[in-house]
$ cat final01.cif   # mmCIF, N, CA and C atoms
data_work
#
loop_
_atom_site.group_PDB
_atom_site.id
_atom_site.type_symbol
_atom_site.label_atom_id
_atom_site.label_comp_id
_atom_site.auth_asym_id
_atom_site.auth_seq_id
_atom_site.Cartn_x
_atom_site.Cartn_y
_atom_site.Cartn_z
ATOM 1 N N MET A 1 22.043 -4.446 -3.235
ATOM 2 C CA MET A 1 20.980 -5.385 -2.938
ATOM 3 C C MET A 1 19.749 -5.029 -3.759
ATOM 4 N N PRO A 2 19.161 -6.003 -4.454
ATOM 5 C CA PRO A 2 17.982 -5.744 -5.270
ATOM 6 C C PRO A 2 16.790 -5.273 -4.440
ATOM 7 N N VAL A 3 15.965 -4.462 -5.061
ATOM 8 C CA VAL A 3 14.755 -3.956 -4.413
ATOM 9 C C VAL A 3 13.565 -4.287 -5.302
ATOM 10 N N LEU A 4 12.485 -4.772 -4.696
ATOM 11 C CA LEU A 4 11.255 -5.062 -5.420
ATOM 12 C C LEU A 4 10.159 -4.178 -4.858
ATOM 13 N N TYR A 5 9.553 -3.351 -5.704
ATOM 14 C CA TYR A 5 8.472 -2.465 -5.283
ATOM 15 C C TYR A 5 7.136 -3.027 -5.738
ATOM 16 N N VAL A 6 6.116 -2.847 -4.930
ATOM 17 C CA VAL A 6 4.741 -3.154 -5.310
ATOM 18 C C VAL A 6 4.023 -1.816 -5.405
ATOM 19 N N VAL A 7 3.528 -1.499 -6.595
ATOM 20 C CA VAL A 7 2.882 -0.204 -6.815
ATOM 21 C C VAL A 7 1.479 -0.442 -7.347
ATOM 22 N N ALA A 8 0.480 -0.047 -6.577
ATOM 23 C CA ALA A 8 -0.902 -0.149 -7.035
ATOM 24 C C ALA A 8 -1.143 0.868 -8.136
ATOM 25 N N THR A 9 -1.845 0.441 -9.164
ATOM 26 C CA THR A 9 -2.128 1.333 -10.290
ATOM 27 C C THR A 9 -3.634 1.483 -10.450
ATOM 28 N N PRO A 10 -4.088 2.613 -10.982
ATOM 29 C CA PRO A 10 -5.531 2.840 -11.127
ATOM 30 C C PRO A 10 -6.155 1.919 -12.163
ATOM 31 N N ILE A 11 -7.382 1.513 -11.904
ATOM 32 C CA ILE A 11 -8.107 0.656 -12.838
ATOM 33 C C ILE A 11 -8.775 1.490 -13.919
ATOM 34 N N GLY A 12 -9.377 2.601 -13.565
ATOM 35 C CA GLY A 12 -10.108 3.403 -14.545
ATOM 36 C C GLY A 12 -9.535 4.787 -14.724
ATOM 37 N N ASN A 13 -9.611 5.596 -13.690
ATOM 38 C CA ASN A 13 -9.173 6.984 -13.760
ATOM 39 C C ASN A 13 -7.659 7.056 -13.560
ATOM 40 N N LEU A 14 -6.940 7.445 -14.598
ATOM 41 C CA LEU A 14 -5.480 7.489 -14.526
ATOM 42 C C LEU A 14 -4.950 8.505 -13.520
ATOM 43 N N GLU A 15 -5.812 9.383 -13.041
ATOM 44 C CA GLU A 15 -5.393 10.365 -12.042
ATOM 45 C C GLU A 15 -5.438 9.796 -10.628
ATOM 46 N N ASP A 16 -5.969 8.584 -10.472
ATOM 47 C CA ASP A 16 -6.042 7.947 -9.158
ATOM 48 C C ASP A 16 -4.740 7.212 -8.843
ATOM 49 N N ILE A 17 -3.639 7.927 -8.844
ATOM 50 C CA ILE A 17 -2.326 7.364 -8.556
ATOM 51 C C ILE A 17 -1.564 8.371 -7.706
ATOM 52 N N THR A 18 -0.726 7.880 -6.834
ATOM 53 C CA THR A 18 0.001 8.781 -5.941
ATOM 54 C C THR A 18 1.264 9.326 -6.601
ATOM 55 N N LEU A 19 1.740 10.420 -6.077
ATOM 56 C CA LEU A 19 3.001 10.992 -6.559
ATOM 57 C C LEU A 19 4.156 10.028 -6.315
ATOM 58 N N ARG A 20 4.113 9.345 -5.187
ATOM 59 C CA ARG A 20 5.173 8.373 -4.881
ATOM 60 C C ARG A 20 5.179 7.247 -5.911
ATOM 61 N N ALA A 21 4.016 6.748 -6.284
ATOM 62 C CA ALA A 21 3.930 5.692 -7.291
ATOM 63 C C ALA A 21 4.518 6.169 -8.617
ATOM 64 N N LEU A 22 4.192 7.379 -9.012
ATOM 65 C CA LEU A 22 4.736 7.930 -10.255
ATOM 66 C C LEU A 22 6.247 8.056 -10.192
ATOM 67 N N ARG A 23 6.768 8.495 -9.043
ATOM 68 C CA ARG A 23 8.219 8.619 -8.884
ATOM 69 C C ARG A 23 8.887 7.261 -9.030
ATOM 70 N N VAL A 24 8.357 6.258 -8.351
ATOM 71 C CA VAL A 24 8.948 4.920 -8.406
ATOM 72 C C VAL A 24 8.893 4.361 -9.825
ATOM 73 N N LEU A 25 7.753 4.500 -10.489
ATOM 74 C CA LEU A 25 7.632 4.005 -11.859
ATOM 75 C C LEU A 25 8.649 4.647 -12.789
ATOM 76 N N GLY A 26 8.975 5.883 -12.543
ATOM 77 C CA GLY A 26 9.955 6.570 -13.377
ATOM 78 C C GLY A 26 11.398 6.273 -13.023
ATOM 79 N N GLU A 27 11.651 5.776 -11.824
ATOM 80 C CA GLU A 27 13.024 5.519 -11.370
ATOM 81 C C GLU A 27 13.520 4.109 -11.649
ATOM 82 N N VAL A 28 12.617 3.155 -11.797
ATOM 83 C CA VAL A 28 13.035 1.768 -11.952
ATOM 84 C C VAL A 28 13.555 1.509 -13.365
ATOM 85 N N LYS A 29 14.253 0.394 -13.515
ATOM 86 C CA LYS A 29 14.840 0.034 -14.807
ATOM 87 C C LYS A 29 13.857 -0.691 -15.713
ATOM 88 N N LEU A 30 12.941 -1.472 -15.117
ATOM 89 C CA LEU A 30 12.015 -2.276 -15.896
ATOM 90 C C LEU A 30 10.721 -2.469 -15.123
ATOM 91 N N ILE A 31 9.611 -2.456 -15.836
ATOM 92 C CA ILE A 31 8.306 -2.735 -15.260
ATOM 93 C C ILE A 31 7.755 -3.961 -15.972
ATOM 94 N N ALA A 32 7.362 -4.975 -15.195
ATOM 95 C CA ALA A 32 6.686 -6.149 -15.756
ATOM 96 C C ALA A 32 5.215 -6.024 -15.383
ATOM 97 N N ALA A 33 4.339 -6.083 -16.369
ATOM 98 C CA ALA A 33 2.913 -5.871 -16.139
ATOM 99 C C ALA A 33 2.097 -6.997 -16.739
ATOM 100 N N GLU A 34 0.993 -7.302 -16.083
ATOM 101 C CA GLU A 34 0.083 -8.327 -16.596
ATOM 102 C C GLU A 34 -0.500 -7.885 -17.933
ATOM 103 N N ASP A 35 -0.898 -6.634 -18.032
ATOM 104 C CA ASP A 35 -1.467 -6.096 -19.270
ATOM 105 C C ASP A 35 -0.632 -4.897 -19.695
ATOM 106 N N THR A 36 0.262 -5.112 -20.636
ATOM 107 C CA THR A 36 1.169 -4.040 -21.052
ATOM 108 C C THR A 36 0.441 -2.907 -21.769
ATOM 109 N N ARG A 37 -0.682 -3.206 -22.392
ATOM 110 C CA ARG A 37 -1.442 -2.140 -23.073
ATOM 111 C C ARG A 37 -1.980 -1.146 -22.058
ATOM 112 N N THR A 38 -2.531 -1.663 -20.960
ATOM 113 C CA THR A 38 -3.052 -0.800 -19.901
ATOM 114 C C THR A 38 -1.921 -0.059 -19.212
ATOM 115 N N ALA A 39 -0.846 -0.768 -18.918
ATOM 116 C CA ALA A 39 0.299 -0.142 -18.263
ATOM 117 C C ALA A 39 0.898 0.958 -19.137
ATOM 118 N N ARG A 40 0.970 0.713 -20.449
ATOM 119 C CA ARG A 40 1.545 1.702 -21.375
ATOM 120 C C ARG A 40 0.708 2.977 -21.388
ATOM 121 N N LYS A 41 -0.626 2.853 -21.305
ATOM 122 C CA LYS A 41 -1.487 4.043 -21.253
ATOM 123 C C LYS A 41 -1.139 4.904 -20.044
ATOM 124 N N LEU A 42 -0.972 4.259 -18.898
ATOM 125 C CA LEU A 42 -0.620 4.984 -17.675
ATOM 126 C C LEU A 42 0.752 5.636 -17.814
ATOM 127 N N LEU A 43 1.729 4.879 -18.298
ATOM 128 C CA LEU A 43 3.083 5.420 -18.441
ATOM 129 C C LEU A 43 3.115 6.576 -19.436
ATOM 130 N N ASN A 44 2.410 6.439 -20.537
ATOM 131 C CA ASN A 44 2.364 7.519 -21.528
ATOM 132 C C ASN A 44 1.701 8.769 -20.962
ATOM 133 N N ARG A 45 0.643 8.585 -20.184
ATOM 134 C CA ARG A 45 -0.084 9.716 -19.590
ATOM 135 C C ARG A 45 0.833 10.601 -18.760
ATOM 136 N N TYR A 46 1.799 9.966 -18.081
ATOM 137 C CA TYR A 46 2.719 10.702 -17.203
ATOM 138 C C TYR A 46 4.128 10.791 -17.779
ATOM 139 N N ASP A 47 4.262 10.513 -19.078
ATOM 140 C CA ASP A 47 5.531 10.633 -19.789
ATOM 141 C C ASP A 47 6.647 9.856 -19.092
ATOM 142 N N ILE A 48 6.336 8.630 -18.680
ATOM 143 C CA ILE A 48 7.321 7.743 -18.041
ATOM 144 C C ILE A 48 7.864 6.817 -19.112
ATOM 145 N N LYS A 49 9.168 6.806 -19.287
ATOM 146 C CA LYS A 49 9.823 6.081 -20.380
ATOM 147 C C LYS A 49 10.409 4.737 -19.964
ATOM 148 N N THR A 50 10.094 4.255 -18.785
ATOM 149 C CA THR A 50 10.635 2.997 -18.277
ATOM 150 C C THR A 50 10.281 1.837 -19.202
ATOM 151 N N ARG A 51 11.248 0.960 -19.414
ATOM 152 C CA ARG A 51 11.049 -0.221 -20.249
ATOM 153 C C ARG A 51 9.968 -1.108 -19.636
ATOM 154 N N LEU A 52 9.130 -1.716 -20.492
ATOM 155 C CA LEU A 52 7.973 -2.478 -20.052
ATOM 156 C C LEU A 52 8.022 -3.877 -20.663
ATOM 157 N N THR A 53 7.722 -4.882 -19.849
ATOM 158 C CA THR A 53 7.621 -6.257 -20.337
ATOM 159 C C THR A 53 6.367 -6.893 -19.757
ATOM 160 N N SER A 54 5.939 -7.995 -20.361
ATOM 161 C CA SER A 54 4.716 -8.658 -19.895
ATOM 162 C C SER A 54 5.036 -9.757 -18.884
ATOM 163 N N TYR A 55 4.082 -9.982 -17.985
ATOM 164 C CA TYR A 55 4.135 -11.090 -17.030
ATOM 165 C C TYR A 55 2.696 -11.428 -16.673
ATOM 166 N N PHE A 56 2.228 -12.608 -17.108
ATOM 167 C CA PHE A 56 0.839 -12.985 -16.863
ATOM 168 C C PHE A 56 0.736 -14.497 -16.763
ATOM 169 N N GLU A 57 -0.456 -14.983 -16.515
ATOM 170 C CA GLU A 57 -0.712 -16.398 -16.232
ATOM 171 C C GLU A 57 -0.050 -17.343 -17.236
ATOM 172 N N HIS A 58 -0.114 -17.026 -18.520
ATOM 173 C CA HIS A 58 0.354 -17.962 -19.541
ATOM 174 C C HIS A 58 1.847 -17.865 -19.854
ATOM 175 N N ASN A 59 2.546 -16.880 -19.320
ATOM 176 C CA ASN A 59 3.990 -16.814 -19.556
ATOM 177 C C ASN A 59 4.794 -16.809 -18.257
ATOM 178 N N LYS A 60 4.117 -16.918 -17.111
ATOM 179 C CA LYS A 60 4.814 -16.765 -15.834
ATOM 180 C C LYS A 60 5.838 -17.861 -15.579
ATOM 181 N N LYS A 61 5.608 -19.056 -16.048
ATOM 182 C CA LYS A 61 6.587 -20.132 -15.820
ATOM 183 C C LYS A 61 7.901 -19.836 -16.537
ATOM 184 N N ASN A 62 7.814 -19.227 -17.705
ATOM 185 C CA ASN A 62 9.022 -18.884 -18.457
ATOM 186 C C ASN A 62 9.625 -17.555 -18.025
ATOM 187 N N LYS A 63 8.784 -16.600 -17.690
ATOM 188 C CA LYS A 63 9.264 -15.248 -17.370
ATOM 189 C C LYS A 63 9.844 -15.111 -15.966
ATOM 190 N N MET A 64 9.241 -15.751 -14.973
ATOM 191 C CA MET A 64 9.656 -15.548 -13.593
ATOM 192 C C MET A 64 11.135 -15.860 -13.370
ATOM 193 N N PRO A 65 11.641 -16.994 -13.835
ATOM 194 C CA PRO A 65 13.074 -17.253 -13.616
ATOM 195 C C PRO A 65 13.965 -16.183 -14.249
ATOM 196 N N VAL A 66 13.577 -15.716 -15.414
ATOM 197 C CA VAL A 66 14.356 -14.681 -16.098
ATOM 198 C C VAL A 66 14.316 -13.369 -15.315
ATOM 199 N N LEU A 67 13.133 -12.990 -14.839
ATOM 200 C CA LEU A 67 12.996 -11.747 -14.075
ATOM 201 C C LEU A 67 13.781 -11.823 -12.763
ATOM 202 N N LEU A 68 13.685 -12.948 -12.076
ATOM 203 C CA LEU A 68 14.413 -13.089 -10.811
ATOM 204 C C LEU A 68 15.922 -13.103 -11.021
ATOM 205 N N GLU A 69 16.358 -13.765 -12.064
ATOM 206 C CA GLU A 69 17.794 -13.798 -12.365
ATOM 207 C C GLU A 69 18.312 -12.402 -12.680
ATOM 208 N N THR A 70 17.576 -11.676 -13.487
ATOM 209 C CA THR A 70 17.981 -10.315 -13.830
ATOM 210 C C THR A 70 17.975 -9.422 -12.599
ATOM 211 N N LEU A 71 16.971 -9.590 -11.756
ATOM 212 C CA LEU A 71 16.888 -8.818 -10.519
ATOM 213 C C LEU A 71 18.120 -9.058 -9.657
ATOM 214 N N GLU A 72 18.514 -10.301 -9.501
ATOM 215 C CA GLU A 72 19.673 -10.642 -8.672
ATOM 216 C C GLU A 72 20.985 -10.187 -9.299
ATOM 217 N N GLU A 73 21.147 -10.434 -10.585
ATOM 218 C CA GLU A 73 22.412 -10.148 -11.258
ATOM 219 C C GLU A 73 22.654 -8.668 -11.490
ATOM 220 N N GLN A 74 21.640 -7.938 -11.855
ATOM 221 C CA GLN A 74 21.827 -6.557 -12.271
ATOM 222 C C GLN A 74 21.232 -5.552 -11.314
ATOM 223 N N ASP A 75 20.763 -6.005 -10.160
ATOM 224 C CA ASP A 75 20.164 -5.108 -9.179
ATOM 225 C C ASP A 75 19.080 -4.252 -9.821
ATOM 226 N N MET A 76 18.298 -4.882 -10.686
ATOM 227 C CA MET A 76 17.210 -4.166 -11.350
ATOM 228 C C MET A 76 15.915 -4.408 -10.615
ATOM 229 N N ARG A 77 15.026 -3.468 -10.660
ATOM 230 C CA ARG A 77 13.721 -3.576 -10.027
ATOM 231 C C ARG A 77 12.710 -4.006 -11.075
ATOM 232 N N ARG A 78 11.743 -4.794 -10.635
ATOM 233 C CA ARG A 78 10.777 -5.364 -11.567
ATOM 234 C C ARG A 78 9.349 -4.984 -11.221
ATOM 235 N N GLY A 79 8.473 -5.065 -12.190
ATOM 236 C CA GLY A 79 7.081 -4.732 -11.929
ATOM 237 C C GLY A 79 6.106 -5.769 -12.439
ATOM 238 N N PHE A 80 4.989 -5.852 -11.811
ATOM 239 C CA PHE A 80 3.944 -6.795 -12.187
ATOM 240 C C PHE A 80 2.578 -6.202 -11.903
ATOM 241 N N GLU A 81 1.602 -6.573 -12.702
ATOM 242 C CA GLU A 81 0.213 -6.355 -12.330
ATOM 243 C C GLU A 81 -0.244 -7.688 -11.783
ATOM 244 N N TRP A 82 -0.941 -7.706 -10.675
ATOM 245 C CA TRP A 82 -1.195 -8.945 -9.960
ATOM 246 C C TRP A 82 -2.665 -9.113 -9.617
ATOM 247 N N LEU A 83 -3.240 -10.240 -9.940
ATOM 248 C CA LEU A 83 -4.606 -10.637 -9.600
ATOM 249 C C LEU A 83 -5.621 -9.586 -10.027
ATOM 250 N N HIS A 84 -6.596 -9.301 -9.168
ATOM 251 C CA HIS A 84 -7.669 -8.393 -9.547
ATOM 252 C C HIS A 84 -7.399 -6.952 -9.138
ATOM 253 N N CYS A 85 -6.320 -6.711 -8.467
ATOM 254 C CA CYS A 85 -5.914 -5.350 -8.094
ATOM 255 C C CYS A 85 -4.726 -4.996 -8.942
ATOM 256 N N PRO A 86 -4.922 -4.328 -10.065
ATOM 257 C CA PRO A 86 -3.778 -4.009 -10.910
ATOM 258 C C PRO A 86 -2.703 -3.287 -10.098
ATOM 259 N N ALA A 87 -1.524 -3.802 -10.171
ATOM 260 C CA ALA A 87 -0.408 -3.211 -9.448
ATOM 261 C C ALA A 87 0.854 -3.465 -10.240
ATOM 262 N N LEU A 88 1.808 -2.617 -10.075
ATOM 263 C CA LEU A 88 3.109 -2.818 -10.698
ATOM 264 C C LEU A 88 4.102 -3.085 -9.579
ATOM 265 N N LEU A 89 4.758 -4.213 -9.642
ATOM 266 C CA LEU A 89 5.803 -4.549 -8.685
ATOM 267 C C LEU A 89 7.121 -4.248 -9.348
ATOM 268 N N LEU A 90 7.903 -3.407 -8.755
ATOM 269 C CA LEU A 90 9.125 -2.968 -9.397
ATOM 270 C C LEU A 90 10.327 -3.339 -8.595
#
$ encode --input "final01.cif" --output "structure tokens"
Amino acid sequence: MPVLYVVATPIGNLEDITLRALRVLGEVKLIAAEDTRTARKLLNRYDIKTRLTSYFEHNKKNKMPVLLETLEEQDMRRGFEWLHCPALLL
């Protein structure tokens, strides 16, 4: 059964993240983020090699069906940064 995680990520200080969040980010197959540049900085800081893709206002109509289909078919977890509280949903 697919699992979707919501992981809050720090806005400024990269050390403002929990150990559990770091574990989840490292265990999932794919992270979808609103701002991949910001997400990549966080992942690089903690040497997390999880594959990263974008998901934001201007591509969500095209990306969401693909992400949901992949989630269902391959039991993969997905990530997103959402609204004004940057978060990764995995």
$ atom_distance --input "final01.cif" --atom1 "atom C of A:Lys61" --atom2 "atom N of A:Ala21"
28.8 Å
$ atom_distance --input "final01.cif" --atom1 "atom CA of A:Leu30" --atom2 "atom CA of A:Thr53"
7.4 Å
$ atom_distance --input "final01.cif" --atom1 "atom CA of A:Met64" --atom2 "atom CA of A:Asn44"
25.5 Å
$ residues_around --input "final01.cif" --residues "A:Thr36" --least-positions-apart "3" --cutoff "7 Å" --atoms "all atoms listed in the file" --output "compact mmCIF listing (two decimals) with N, CA and C atoms, in the coordinates of the input"
# COMPACT_ATOMS: atom_id res chain seq x y z
N ALA A 33 4.34 -6.08 -16.37
CA ALA A 33 2.91 -5.87 -16.14
C ALA A 33 2.10 -7.00 -16.74
N ALA A 39 -0.85 -0.77 -18.92
CA ALA A 39 0.30 -0.14 -18.26
C ALA A 39 0.90 0.96 -19.14
N ARG A 40 0.97 0.71 -20.45
CA ARG A 40 1.54 1.70 -21.38
C ARG A 40 0.71 2.98 -21.39
N LYS A 41 -0.63 2.85 -21.30
CA LYS A 41 -1.49 4.04 -21.25
C LYS A 41 -1.14 4.90 -20.04
N LEU A 52 9.13 -1.72 -20.49
CA LEU A 52 7.97 -2.48 -20.05
C LEU A 52 8.02 -3.88 -20.66
N THR A 53 7.72 -4.88 -19.85
CA THR A 53 7.62 -6.26 -20.34
C THR A 53 6.37 -6.89 -19.76
N SER A 54 5.94 -8.00 -20.36
CA SER A 54 4.72 -8.66 -19.90
C SER A 54 5.04 -9.76 -18.88
N TYR A 55 4.08 -9.98 -17.98
CA TYR A 55 4.14 -11.09 -17.03
C TYR A 55 2.70 -11.43 -16.67
$ closest_residue --input "final01.cif" --among "A:Leu4, A:Leu42, A:Glu34, A:Asn59" --to "A:Asp16" --atoms "only C-alpha atoms"
A:Leu42
$ residues_near_point --input "final01.cif" --point "(4.1, 2.6, -11.0)" --cutoff "6 Å" --atoms "all atoms listed in the file" --output "list in words"
Val7, Ala21, Leu22, Val24, Leu25 and Leu88 of chain A
$ resolve_selection --input "final01.cif" --expression "the PyMOL selection byres (((chain A and resi 12 and name CA) around 12) and name CA)" --output "list in words"
Thr9, Pro10, Ile11, Asn13, Leu14, Glu15, Asp16, Ile17, Thr38, Ala39, Lys41, Leu42, Cys85 and Pro86 of chain A
$ closest_residue --input "final01.cif" --among "A:Arg23, A:Thr18, A:Val28, A:Asp35" --to "A:Phe56" --atoms "all atoms listed in the file"
A:Asp35
$ select_by_dssp --input "final01.cif" --residues "stretch 5-86 of chain A" --states "alpha helix (DSSP H)" --output "PyMOL selection string"
chain A and resi 19-27+36-45+60-74
